[in-house]
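Here the structure is laid out as structure tokens; the discussion comes afterwards.
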Amino acid sequence: MFIFIIIIGLIIDRATKLWTINVLASGKPISVIKGFFDFVYVENRGAAFGMLQNKQLGLIIITFVAIVAVIFYKIKYKPQGRLMDISLALITAGAIGNLIDRIVYSYVVDFISWHYKDIYEFPVFNVADMMVVIGTLLLVMFLMKEDKDGKKAEK
């Protein structure tokens, strides 16, 4: 299941980013819900929320190390439970998706824009970002399911 989720996640991430490049890179956003939700083309040269702008080599190294660490953990400790498997796969797929962008383009293609008219705008993100966030939330849920003896819940 781990590899399957990574492959499906990467296919969805790449497809949406290629669509973004082909359709939105001209600069014309698509309004999905006027005043709240748009698809826009953004070249993110930093990390989450625009931090570490133009530090691509460092971000590539950090991402690569994180991916290797997750895979090493998965192989060495063989963690049990679907929730753990799904969470690690989503985190890995998201990290690989954004790593591909950093290596190929020297930036990450973002396109999902949530905002409230011109008053508030959440940082633009992509499918890979969603996978990392959802995977991290699932991992936290898994870790919170530990019983009082420190044993991890299986499901």
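Each chain of the structure tokens is named A, B, ... in the order shown, its residues numbered from 1; ligands are numbered from 1 in display order.
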
Any idea what's packed within 10 Å of segment 106-117 of chain A, counting only C-alpha atoms, ignoring anything in its chain fewer than 4 positions away? Could you give it as a ChimeraX atom specification? /A:14,16-21,24-25,29-47,53-57,60,97-102,121-129

Could those selected residues go to a file with N, CA and C atoms, as a CSV table (one decimal), in the first residue's frame?
```csv
chain,number,residue,atom,x,y,z
A,14,ARG,N,1.8,15.6,-10.2
A,14,ARG,CA,2.4,16.0,-11.5
A,14,ARG,C,1.4,16.5,-12.5
A,16,THR,N,-1.6,17.8,-11.9
A,16,THR,CA,-2.1,19.1,-11.6
A,16,THR,C,-1.1,20.2,-11.8
A,17,LYS,N,0.2,19.9,-11.6
A,17,LYS,CA,1.2,21.0,-11.8
A,17,LYS,C,1.4,21.2,-13.3
A,18,LEU,N,1.4,20.1,-14.1
A,18,LEU,CA,1.5,20.3,-15.6
A,18,LEU,C,0.3,21.1,-16.1
A,19,TRP,N,-0.9,20.8,-15.6
A,19,TRP,CA,-2.1,21.5,-16.0
A,19,TRP,C,-1.9,23.0,-15.6
A,20,THR,N,-1.4,23.3,-14.4
A,20,THR,CA,-1.2,24.6,-14.0
A,20,THR,C,-0.2,25.4,-14.9
A,21,ILE,N,0.9,24.7,-15.3
A,21,ILE,CA,1.9,25.3,-16.2
A,21,ILE,C,1.3,25.6,-17.5
A,24,LEU,N,-2.4,28.0,-16.6
A,24,LEU,CA,-2.4,29.2,-15.8
A,24,LEU,C,-1.2,30.0,-15.9
A,25,ALA,N,-0.1,29.5,-16.5
A,25,ALA,CA,1.2,30.3,-16.5
A,25,ALA,C,1.1,31.5,-17.3
A,29,PRO,N,-5.8,33.8,-13.9
A,29,PRO,CA,-6.4,32.9,-12.9
A,29,PRO,C,-7.7,32.4,-13.3
A,30,ILE,N,-8.1,31.3,-12.7
A,30,ILE,CA,-9.5,30.7,-12.9
A,30,ILE,C,-10.2,30.8,-11.5
A,31,SER,N,-11.3,31.5,-11.5
A,31,SER,CA,-12.0,31.7,-10.3
A,31,SER,C,-13.0,30.5,-10.1
A,32,VAL,N,-12.9,29.8,-9.1
A,32,VAL,CA,-13.7,28.6,-8.8
A,32,VAL,C,-14.9,29.1,-8.0
A,33,ILE,N,-14.7,29.8,-6.9
A,33,ILE,CA,-15.7,30.5,-6.1
A,33,ILE,C,-15.3,31.9,-6.0
A,34,LYS,N,-15.9,32.8,-6.7
A,34,LYS,CA,-15.5,34.2,-6.7
A,34,LYS,C,-15.4,34.8,-5.3
A,35,GLY,N,-14.2,35.4,-5.1
A,35,GLY,CA,-13.9,36.0,-3.9
A,35,GLY,C,-13.4,35.1,-2.8
A,36,PHE,N,-13.3,33.8,-3.1
A,36,PHE,CA,-12.9,32.8,-2.0
A,36,PHE,C,-11.8,31.8,-2.5
A,37,PHE,N,-12.0,31.3,-3.7
A,37,PHE,CA,-11.2,30.2,-4.2
A,37,PHE,C,-10.8,30.3,-5.6
A,38,ASP,N,-9.5,30.4,-5.9
A,38,ASP,CA,-9.1,30.5,-7.3
A,38,ASP,C,-7.9,29.5,-7.6
A,39,PHE,N,-7.7,29.2,-8.9
A,39,PHE,CA,-6.5,28.6,-9.3
A,39,PHE,C,-5.6,29.7,-10.0
A,40,VAL,N,-4.4,29.8,-9.5
A,40,VAL,CA,-3.5,30.8,-10.0
A,40,VAL,C,-2.1,30.2,-10.1
A,41,TYR,N,-1.3,30.7,-11.0
A,41,TYR,CA,0.1,30.2,-11.2
A,41,TYR,C,1.0,31.0,-10.3
A,42,VAL,N,1.7,30.3,-9.4
A,42,VAL,CA,2.7,30.9,-8.5
A,42,VAL,C,4.0,30.0,-8.6
A,43,GLU,N,5.1,30.7,-8.7
A,43,GLU,CA,6.4,30.0,-8.6
A,43,GLU,C,7.0,30.3,-7.2
A,44,ASN,N,6.9,29.3,-6.4
A,44,ASN,CA,7.4,29.4,-5.0
A,44,ASN,C,8.9,29.0,-4.9
A,45,ARG,N,9.7,30.0,-4.7
A,45,ARG,CA,11.2,29.8,-4.6
A,45,ARG,C,11.6,29.6,-3.2
A,46,GLY,N,10.7,29.3,-2.3
A,46,GLY,CA,11.0,29.1,-0.9
A,46,GLY,C,10.4,27.9,-0.4
A,47,ALA,N,10.2,27.8,0.9
A,47,ALA,CA,9.6,26.7,1.6
A,47,ALA,C,8.2,27.1,1.9
A,53,GLN,N,13.4,31.9,1.0
A,53,GLN,CA,13.3,32.3,-0.4
A,53,GLN,C,14.7,32.1,-1.1
A,54,ASN,N,14.7,31.5,-2.2
A,54,ASN,CA,15.9,31.3,-3.1
A,54,ASN,C,17.0,30.5,-2.4
A,55,LYS,N,16.7,29.6,-1.5
A,55,LYS,CA,17.6,28.7,-0.9
A,55,LYS,C,17.4,27.3,-1.4
A,56,GLN,N,17.4,27.1,-2.7
A,56,GLN,CA,17.0,25.9,-3.4
A,56,GLN,C,17.9,24.7,-3.0
A,57,LEU,N,19.2,24.9,-3.0
A,57,LEU,CA,20.1,23.8,-2.7
A,57,LEU,C,19.8,23.3,-1.3
A,60,ILE,N,16.5,21.4,-1.2
A,60,ILE,CA,16.7,20.1,-1.9
A,60,ILE,C,17.4,19.1,-1.0
A,97,GLY,N,7.2,15.0,-4.7
A,97,GLY,CA,6.5,15.9,-5.7
A,97,GLY,C,7.1,17.3,-5.7
A,98,ASN,N,7.3,17.9,-4.5
A,98,ASN,CA,7.9,19.2,-4.5
A,98,ASN,C,9.4,19.2,-4.8
A,99,LEU,N,10.1,18.1,-4.4
A,99,LEU,CA,11.5,17.9,-4.8
A,99,LEU,C,11.7,17.9,-6.3
A,100,ILE,N,10.9,17.2,-7.0
A,100,ILE,CA,10.9,17.1,-8.5
A,100,ILE,C,10.9,18.6,-9.0
A,101,ASP,N,9.9,19.4,-8.5
A,101,ASP,CA,9.8,20.7,-9.0
A,101,ASP,C,11.1,21.5,-8.7
A,102,ARG,N,11.6,21.4,-7.5
A,102,ARG,CA,12.8,22.2,-7.2
A,102,ARG,C,14.0,21.8,-8.1
A,121,GLU,N,-5.5,36.5,2.4
A,121,GLU,CA,-5.1,35.4,1.4
A,121,GLU,C,-4.2,34.4,2.1
A,122,PHE,N,-4.7,33.2,2.1
A,122,PHE,CA,-3.8,32.1,2.6
A,122,PHE,C,-2.7,31.9,1.6
A,123,PRO,N,-1.5,31.5,2.0
A,123,PRO,CA,-0.4,31.2,1.1
A,123,PRO,C,-0.9,30.2,0.0
A,124,VAL,N,-0.6,30.4,-1.2
A,124,VAL,CA,-0.9,29.5,-2.3
A,124,VAL,C,-0.2,28.2,-2.1
A,125,PHE,N,-0.8,27.1,-2.4
A,125,PHE,CA,-0.2,25.8,-2.2
A,125,PHE,C,-0.6,24.9,-3.3
A,126,ASN,N,-0.1,23.6,-3.2
A,126,ASN,CA,-0.4,22.6,-4.3
A,126,ASN,C,-0.8,21.3,-3.7
A,127,VAL,N,-1.0,20.3,-4.5
A,127,VAL,CA,-1.4,18.9,-4.1
A,127,VAL,C,-0.3,18.3,-3.2
A,128,ALA,N,1.0,18.5,-3.5
A,128,ALA,CA,2.1,17.9,-2.7
A,128,ALA,C,2.0,18.5,-1.3
A,129,ASP,N,1.8,19.8,-1.2
A,129,ASP,CA,1.7,20.4,0.1
A,129,ASP,C,0.5,19.8,0.9
```

Run DSSP on the backbone and grab whatever in segment 6-68 of chain A lands in strand (DSSP E or B); send it over as an MDAnalysis selection string. chainID A and resid 30:33 37:44

Chain A: residues DSSP assigns to alpha helix (DSSP H), reported as a PyMOL selection string: chain A and resi 2-19+56-77+82-105+127-144

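The neighbours of Ala93 of chain A here are the residues that come within 9 Å of it, using only C-alpha atoms and leaving out any residue fewer than 4 positions away in the same chain; they are Ile5, Ile6, Ile7, Ile8, Gly9, Leu10, Asp13, Ile67, Leu88, Ala89, Gly97, Asn98, Ala128, Met131 and Val132 of chain A.
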
Write the residues you've just listed into a file as a PDB file, in the first residue's frame, and include N, CA and C atoms for each of them.
```
ATOM      1  N   ILE A   5       0.319   4.291  -2.776  1.00  0.00           N
ATOM      2  CA  ILE A   5      -0.095   5.648  -2.400  1.00  0.00           C
ATOM      3  C   ILE A   5       0.902   6.669  -2.923  1.00  0.00           C
ATOM      4  N   ILE A   6       2.188   6.358  -2.829  1.00  0.00           N
ATOM      5  CA  ILE A   6       3.208   7.281  -3.335  1.00  0.00           C
ATOM      6  C   ILE A   6       3.043   7.473  -4.840  1.00  0.00           C
ATOM      7  N   ILE A   7       2.872   6.399  -5.577  1.00  0.00           N
ATOM      8  CA  ILE A   7       2.735   6.490  -7.039  1.00  0.00           C
ATOM      9  C   ILE A   7       1.485   7.287  -7.422  1.00  0.00           C
ATOM     10  N   ILE A   8       0.349   6.966  -6.828  1.00  0.00           N
ATOM     11  CA  ILE A   8      -0.897   7.684  -7.129  1.00  0.00           C
ATOM     12  C   ILE A   8      -0.758   9.160  -6.743  1.00  0.00           C
ATOM     13  N   GLY A   9      -0.177   9.424  -5.582  1.00  0.00           N
ATOM     14  CA  GLY A   9       0.025  10.802  -5.143  1.00  0.00           C
ATOM     15  C   GLY A   9       0.900  11.584  -6.108  1.00  0.00           C
ATOM     16  N   LEU A  10       1.976  10.957  -6.575  1.00  0.00           N
ATOM     17  CA  LEU A  10       2.872  11.626  -7.526  1.00  0.00           C
ATOM     18  C   LEU A  10       2.189  11.880  -8.869  1.00  0.00           C
ATOM     19  N   ASP A  13      -0.163  14.816  -8.319  1.00  0.00           N
ATOM     20  CA  ASP A  13       0.621  16.041  -8.143  1.00  0.00           C
ATOM     21  C   ASP A  13       1.200  16.522  -9.467  1.00  0.00           C
ATOM     22  N   ILE A  67      13.131  12.431   2.958  1.00  0.00           N
ATOM     23  CA  ILE A  67      12.612  11.280   2.203  1.00  0.00           C
ATOM     24  C   ILE A  67      13.389  10.020   2.563  1.00  0.00           C
ATOM     25  N   LEU A  88       2.878   7.972   6.321  1.00  0.00           N
ATOM     26  CA  LEU A  88       4.258   8.017   5.811  1.00  0.00           C
ATOM     27  C   LEU A  88       4.289   8.083   4.283  1.00  0.00           C
ATOM     28  N   ALA A  89       3.362   7.384   3.637  1.00  0.00           N
ATOM     29  CA  ALA A  89       3.305   7.420   2.167  1.00  0.00           C
ATOM     30  C   ALA A  89       2.914   8.807   1.666  1.00  0.00           C
ATOM     31  N   GLY A  97       7.156  15.037  -4.694  1.00  0.00           N
ATOM     32  CA  GLY A  97       6.514  15.911  -5.678  1.00  0.00           C
ATOM     33  C   GLY A  97       7.140  17.296  -5.709  1.00  0.00           C
ATOM     34  N   ASN A  98       7.338  17.892  -4.532  1.00  0.00           N
ATOM     35  CA  ASN A  98       7.946  19.222  -4.493  1.00  0.00           C
ATOM     36  C   ASN A  98       9.449  19.166  -4.789  1.00  0.00           C
ATOM     37  N   ALA A 128       0.966  18.453  -3.537  1.00  0.00           N
ATOM     38  CA  ALA A 128       2.052  17.881  -2.724  1.00  0.00           C
ATOM     39  C   ALA A 128       2.019  18.455  -1.308  1.00  0.00           C
ATOM     40  N   MET A 131      -0.667  16.757   0.611  1.00  0.00           N
ATOM     41  CA  MET A 131      -0.300  15.402   1.030  1.00  0.00           C
ATOM     42  C   MET A 131       0.592  15.437   2.269  1.00  0.00           C
ATOM     43  N   VAL A 132       1.552  16.361   2.306  1.00  0.00           N
ATOM     44  CA  VAL A 132       2.441  16.467   3.471  1.00  0.00           C
ATOM     45  C   VAL A 132       1.641  16.847   4.717  1.00  0.00           C
TER      46      VAL A 132
END
```

Could you tell me how far atom CA of Ile75 of chain A lies from atom CA of Ile61 of chain A, in Å and to one decimal? 21.0 Å

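Using only C-alpha atoms, the nearest neighbour of Asp85 of chain A within the list A:Phe72, A:Tyr120, A:Tyr105, A:Phe2 is A:Phe2.
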
Mind pulling up the distance from atom CA of Lys74 of chain A to atom CA of Met130 of chain A?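 Atom-to-atom, atom CA of Met130 of chain A to atom CA of Lys74 of chain A, that is 21.3 Å.
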